Amino acid sequence: MKVLSVASEIFPLVKTGGLADVTGALPGAVAPLGVEMRTVVPGYPAVMAQLGKPKVLGTLEDVLGHSVTLLGAKVAGLDLIVVQAPGLYEREGGPYAGLDGIDFGDNWKRFAVLSKSAALIATGAIKGYRPDVVHVHDWQAAMVPCYLAFGDSPAPPSVITVHNIAFQGQFAAHVFGELGLPASAWADGVEYYGGVGFLKAGLRAAQAITTVSPTYAREIRTAEFGMGLEGLINGRADVVSGIVNGIDTDLWDPETDDCLVAPFSAKVLKAREKNRKAVIKSFGLAPAKGPILAVISRLTWQKGMDLLAEALDGIVAAGASVAILGAGDRDLEQAFIEAAARHPGRVAVHVGYDEPLAHLMQGGCDAILVPSRFEPCGLTQLYGLRYGCVPIVARTGGLADTVIDANMAARAAGVATGFHIGRLTAERIVDAVALACEVHDDKPAWTRMMKNGMASDVSWDASARGYVSLYQRLAGEAR
Ligand code: ADP
Ligand code: GLC
């Protein structure tokens with residue numbers, strides 16, 4: 001079976017968050033199950049630089065006024081179709097924003113062109129290639145199902161995966177006239193609160209909707225988490241499902257990870273101590289008896305980073321130290337820098353994005369703290385489980401689905417893998433950390449939790465089967 005995946009990021013070529021990890025890992029995860037997945041991505045400079053000698057697969061003369069070249073390349077085991085449109089994608093900055101951090105003003109066009117190009121590929125623009133199913137990710141690719149629905153050619157069925165419903169691709173109404181859609185599309189899916197909604201259009205047009213955990217699939221049916229789309233999601237509840245993300249267990253393997261000072265496994269945990277020392281050194285922490293907590297995160301409201309800033313004094317008083325790696329809101333960066341100044345040796349911040357350091361922290365810190373207000377899946381707690389870095393997480397979305405809370409019953413049964421923060425407040429974060437400090441003092445109990453986590457299945461195996469049976473069902477229904 002052939003599946004065409006469409007996304008705005010893919011690891012290791014371009015990544016701003018977990019979306020890239022997932023789109024980068026999924027092709028390899030479904031391949032053993034007989035799915036050939038090709039991925040359509042924009043030709044950003046970072047992507048173009050890694051293509052080697054790409055093959056021209058075709059040209060599209062006029063995609064919303066842009067001439068597009070489709071380039072084929074195999075990079076890091078991925079089968080890529082790169083949408084090359086220099087005027088749209090070859091600029092300084094990240095995939096969505098310029099060097100000043102401000103979103104590009106023409107993002108609607110950049111991702112409409114990506115989506116329209118992908119829809120053309122799905123309906124035969126590349127000679128000899130016809131996918132059985134199209135799988136699109138987030139708002140940047142959400143217009144693909146809409147273009148397929150309103151196109152002239154018979155189209156393959158599509159599934160849209162929502163990685164984060166907070167990002168919706170909402171634009172002014174006047175944009176509609178430039179999307180190359182028939183007038184009927186306005187009332188038939190694209191109009192969203194008086195403007196244009198890319199994610200909304202995709203959620204309406206796709207044959208199936210998935211999100212990245214079962215709990216988040218339920219949460220987005222409520223006003224609290226649905227961000228205005230709960231009505232639509234409820235109306236289509238029969239096609240909505242949650243498939244929890246896996247992680248790339250080759251890339252994230254404590255036995256072979258080059259970013260670690262010392263590789264280790266559940267059997268040889270002692271070697272882990274060397275990584276802990278390396279974290280202490282790299283962050284300038286004081287040698288600590290209490291647990292060292294890692295925070296590896298976008299510094300945003302979604303991630304509860306303001307609550308963390310509020311909780312830091314209490315966390316230190318409870319006996320833990322904290323190493324923070326992240327970038328994002330300037331105010332939050334500043335708050336953490338100030339907390340580090342108040343607690344030298346106990347709180348340390350590294351502002352920035354550092355993939356190798358993220359690996360070292362998972363392999364050297366004692367716990368990873370993820371106090372998100374909402375978390376569709378979350379990957380850092382999964383990396384933590386695999387690396388014996390015990391997760392302390394908010395009880396929401398994928399965090400609730402993947403971490404077994406050390407409540408009394410779970411501890412008595414010896415099955416806990418982490419700690420849930422009850423109702424999310426700064427006080428409850430401190431409470432959860434205090435409990436973690438207590439368990440950390442009891443070495444056998446803590447080791448048990450680490451080993452439970454390391455033994456839990458965070459691979460793609462089950463989830464890949466979930467996606468493949470969905471693809472098969474969609475392809476079957478289309479026949
Ligand atoms: P989200 O996609 O919402 O940011 P996830 O937990 O799904 O959250 O994925 C975040 C990914 O980005 C993980 O791979 C994590 O290790 C990585 N990450 C986040 N911030 C940083 C950072 N400052 N440096 C390195 N990696 C980071
Ligand atoms: C989004 C979500 C995160 C999820 C990731 C990959 O960025 O915020 O929870 O893990 O997508 O699905």
# chains A, B, ... in the order shown; residues from 1 in each chain; ligands from 1
>>> residues_near_ligand(ligand="ligand 2", cutoff="6 Å", atoms="only C-alpha atoms and all ligand atoms", output="PyMOL selection string")
chain A and resi 17-19+22+163-164+212+375-379
>>> write_last_selection(atoms="C-alpha atoms", output="compact mmCIF listing (two decimals), in the first residue's frame")
# COMPACT_ATOMS: atom_id res chain seq x y z
CA GLY A 17 8.87 20.22 17.93
CA GLY A 18 7.38 16.77 18.29
CA LEU A 19 5.60 16.94 14.92
CA VAL A 22 6.59 11.85 14.45
CA HIS A 163 -0.96 17.22 16.72
CA ASN A 164 -2.14 20.38 18.43
CA VAL A 212 -2.01 11.74 19.05
CA GLU A 375 -0.47 18.00 25.84
CA PRO A 376 -1.79 16.18 22.78
CA CYS A 377 0.82 13.45 23.25
CA GLY A 378 4.14 14.74 24.48
CA LEU A 379 7.39 13.01 23.59
>>> residues_near_ligand(ligand="ligand 1", cutoff="9 Å", atoms="only C-alpha atoms and all ligand atoms", output="ChimeraX atom specification")
/A:15-22,163-164,245,295-299,302-303,324-328,350-359,362,370,375-383
>>> closest_residue(among="A:Thr123, A:Asn407, A:Gln334, A:Thr210", to="Val159 (chain A)", atoms="only C-alpha atoms")
A:Thr210
>>> residues_around(residues="Ala416 (chain A)", least_positions_apart="4", cutoff="6 Å", atoms="only C-alpha atoms", output="list in words")
Ile404, Asp405, Ala406, Ala410, Arg411 and Met449 of chain A
>>> write_last_selection(atoms="all heavy atoms", output="short mmCIF file (atom, residue, chain, number, x, y, z; two decimals), in the first residue's frame")
data_model
loop_
_atom_site.label_atom_id
_atom_site.label_comp_id
_atom_site.auth_asym_id
_atom_site.auth_seq_id
_atom_site.Cartn_x
_atom_site.Cartn_y
_atom_site.Cartn_z
N ILE A 404 2.34 5.86 34.25
CA ILE A 404 1.53 5.25 35.33
C ILE A 404 1.89 5.92 36.65
O ILE A 404 3.03 5.84 37.12
CB ILE A 404 1.77 3.73 35.42
CG1 ILE A 404 1.47 3.06 34.08
CG2 ILE A 404 0.93 3.11 36.54
CD1 ILE A 404 1.80 1.57 34.03
N ASP A 405 0.91 6.62 37.21
CA ASP A 405 1.12 7.42 38.42
C ASP A 405 1.48 6.56 39.62
O ASP A 405 0.89 5.50 39.84
CB ASP A 405 -0.17 8.20 38.71
CG ASP A 405 -0.05 9.02 39.99
OD1 ASP A 405 1.03 9.59 40.24
OD2 ASP A 405 -1.05 9.08 40.75
N ALA A 406 2.42 7.08 40.41
CA ALA A 406 2.83 6.37 41.63
C ALA A 406 1.82 6.62 42.75
O ALA A 406 2.18 7.12 43.82
CB ALA A 406 4.22 6.83 42.04
N ALA A 410 -0.63 1.70 42.75
CA ALA A 410 0.40 1.38 41.74
C ALA A 410 1.74 1.09 42.40
O ALA A 410 2.49 0.22 41.95
CB ALA A 410 0.53 2.53 40.75
N ARG A 411 2.03 1.82 43.48
CA ARG A 411 3.30 1.56 44.16
C ARG A 411 3.29 0.21 44.86
O ARG A 411 4.26 -0.53 44.82
CB ARG A 411 3.63 2.69 45.12
CG ARG A 411 4.26 3.87 44.37
CD ARG A 411 4.28 5.12 45.18
NE ARG A 411 5.21 5.04 46.31
CZ ARG A 411 5.27 5.96 47.27
NH1 ARG A 411 4.44 6.98 47.25
NH2 ARG A 411 6.13 5.83 48.24
N MET A 449 11.07 2.12 39.90
CA MET A 449 10.33 3.00 38.98
C MET A 449 11.10 3.23 37.68
O MET A 449 10.53 3.21 36.59
CB MET A 449 10.01 4.34 39.64
CG MET A 449 8.85 4.26 40.61
SD MET A 449 8.39 5.88 41.22
CE MET A 449 7.57 6.55 39.82
#
>>> atom_distance(atom1="CA of Pro145 (chain A)", atom2="CA of Glu178 (chain A)")
17.4 Å
>>> residues_around(residues="region 463-469 of chain A", least_positions_apart="3", cutoff="9 Å", atoms="only C-alpha atoms", output="compact mmCIF listing (two decimals) with C-alpha atoms, in the first residue's frame")
# COMPACT_ATOMS: atom_id res chain seq x y z
CA LEU A 26 6.31 7.12 10.96
CA ALA A 29 7.46 2.38 11.57
CA VAL A 30 4.86 1.45 8.96
CA LEU A 33 3.76 -3.60 7.79
CA GLY A 34 3.87 -3.20 4.03
CA VAL A 35 3.26 0.55 3.74
CA ILE A 243 -3.40 6.90 18.39
CA VAL A 244 -0.62 7.56 20.84
CA ASN A 245 2.80 8.47 19.37
CA GLY A 246 5.73 6.12 19.61
CA SER A 459 8.03 2.00 20.48
CA TRP A 460 5.97 2.62 17.38
CA GLN A 472 -6.46 -0.25 5.07
CA ARG A 473 -9.98 0.58 6.13
CA LEU A 474 -9.94 3.90 4.23
>>> closest_residue(among="A:Leu424, A:His440, A:Val415, A:Ala340", to="Cys389 (chain A)", atoms="only C-alpha atoms")
A:His440
>>> residues_around(residues="Leu312 (chain A)", least_positions_apart="6", cutoff="10 Å", atoms="only C-alpha atoms", output="list in words")
Ala318, Ala320, Ser321, Val322, Phe336, Ala339, Ala340, His343, Arg346, Val347, Ala426, Ile429 and Val430 of chain A
>>> write_last_selection(atoms="N, CA and C atoms", output="CSV table (one decimal), in the first residue's frame")
chain,number,residue,atom,x,y,z
A,318,ALA,N,12.0,21.7,48.4
A,318,ALA,CA,11.6,20.3,48.6
A,318,ALA,C,12.9,19.4,48.4
A,320,ALA,N,14.9,19.3,45.4
A,320,ALA,CA,15.3,18.9,44.1
A,320,ALA,C,16.2,20.1,43.4
A,321,SER,N,16.9,19.7,42.4
A,321,SER,CA,17.6,20.7,41.6
A,321,SER,C,17.0,20.7,40.2
A,322,VAL,N,17.1,21.7,39.4
A,322,VAL,CA,16.4,21.8,38.1
A,322,VAL,C,17.4,22.3,37.0
A,336,PHE,N,13.2,32.4,34.3
A,336,PHE,CA,14.1,31.3,34.7
A,336,PHE,C,15.5,31.7,34.9
A,339,ALA,N,15.4,33.0,38.4
A,339,ALA,CA,15.4,31.9,39.4
A,339,ALA,C,16.7,31.3,39.5
A,340,ALA,N,17.5,31.2,38.4
A,340,ALA,CA,18.8,30.6,38.5
A,340,ALA,C,19.7,31.5,39.3
A,343,HIS,N,19.0,30.9,43.0
A,343,HIS,CA,19.3,29.5,43.5
A,343,HIS,C,20.5,29.0,42.7
A,346,ARG,N,21.5,25.2,42.1
A,346,ARG,CA,20.3,24.4,42.2
A,346,ARG,C,19.3,24.5,41.1
A,347,VAL,N,19.3,25.7,40.5
A,347,VAL,CA,18.5,25.9,39.3
A,347,VAL,C,19.4,26.5,38.2
A,426,ALA,N,0.8,25.7,40.7
A,426,ALA,CA,2.2,25.7,41.2
A,426,ALA,C,2.3,24.9,42.4
A,429,ILE,N,2.4,21.2,41.6
A,429,ILE,CA,3.7,20.8,41.0
A,429,ILE,C,4.7,20.6,42.1
A,430,VAL,N,4.7,21.5,43.1
A,430,VAL,CA,5.7,21.3,44.2
A,430,VAL,C,5.3,20.0,45.0
>>> closest_residue(among="A:Val390, A:Ile126, A:Ala309, A:Ala25", to="Thr59 (chain A)", atoms="only C-alpha atoms")
A:Ile126
>>> closest_residue(among="A:Ala394, A:Met305, A:Leu51, A:Ile165", to="Thr222 (chain A)", atoms="only C-alpha atoms")
A:Ile165
>>> closest_residue(among="A:Leu148, A:Val41, A:Ala262, A:Ile392", to="Gly72 (chain A)", atoms="only C-alpha atoms")
A:Val41
>>> decode(residues="region 94-112 of chain A", atoms="N, CA and C atoms", output="tab-separated table (two decimals), in the first residue's frame")
chain	number	residue	atom	x	y	z
A	94	GLY	N	13.10	30.36	10.45
A	94	GLY	CA	12.60	29.01	10.65
A	94	GLY	C	11.54	28.67	9.64
A	95	PRO	N	10.85	27.54	9.84
A	95	PRO	CA	9.82	27.16	8.87
A	95	PRO	C	8.59	28.08	8.86
A	96	TYR	N	8.35	28.76	9.97
A	96	TYR	CA	7.13	29.58	10.06
A	96	TYR	C	7.39	31.06	10.26
A	97	ALA	N	8.59	31.40	10.76
A	97	ALA	CA	8.85	32.79	11.15
A	97	ALA	C	10.24	33.21	10.70
A	98	GLY	N	10.42	34.51	10.58
A	98	GLY	CA	11.72	35.06	10.20
A	98	GLY	C	12.67	35.09	11.39
A	99	LEU	N	13.86	35.64	11.15
A	99	LEU	CA	14.86	35.69	12.22
A	99	LEU	C	14.38	36.54	13.40
A	100	ASP	N	13.46	37.47	13.13
A	100	ASP	CA	12.92	38.30	14.20
A	100	ASP	C	11.86	37.57	15.03
A	101	GLY	N	11.56	36.31	14.68
A	101	GLY	CA	10.58	35.54	15.45
A	101	GLY	C	9.14	35.83	15.06
A	102	ILE	N	8.95	36.74	14.11
A	102	ILE	CA	7.58	37.08	13.70
A	102	ILE	C	7.14	36.18	12.54
A	103	ASP	N	5.93	35.62	12.65
A	103	ASP	CA	5.41	34.73	11.60
A	103	ASP	C	5.44	35.43	10.24
A	104	PHE	N	5.78	34.69	9.19
A	104	PHE	CA	5.74	35.25	7.84
A	104	PHE	C	4.31	35.66	7.51
A	105	GLY	N	4.16	36.83	6.90
A	105	GLY	CA	2.83	37.34	6.60
A	105	GLY	C	2.10	36.53	5.54
A	106	ASP	N	2.86	35.76	4.75
A	106	ASP	CA	2.22	34.99	3.67
A	106	ASP	C	2.16	33.49	3.99
A	107	ASN	N	2.12	33.17	5.28
A	107	ASN	CA	2.05	31.74	5.64
A	107	ASN	C	0.84	31.05	5.03
A	108	TRP	N	-0.25	31.76	4.90
A	108	TRP	CA	-1.43	31.15	4.28
A	108	TRP	C	-1.09	30.65	2.88
A	109	LYS	N	-0.32	31.47	2.15
A	109	LYS	CA	0.02	31.08	0.79
A	109	LYS	C	1.07	29.98	0.77
A	110	ARG	N	2.07	30.09	1.66
A	110	ARG	CA	3.13	29.09	1.71
A	110	ARG	C	2.54	27.69	1.94
A	111	PHE	N	1.54	27.62	2.83
A	111	PHE	CA	1.01	26.29	3.13
A	111	PHE	C	-0.19	25.91	2.26
A	112	ALA	N	-0.81	26.89	1.64
A	112	ALA	CA	-1.81	26.55	0.63
A	112	ALA	C	-1.10	25.95	-0.59
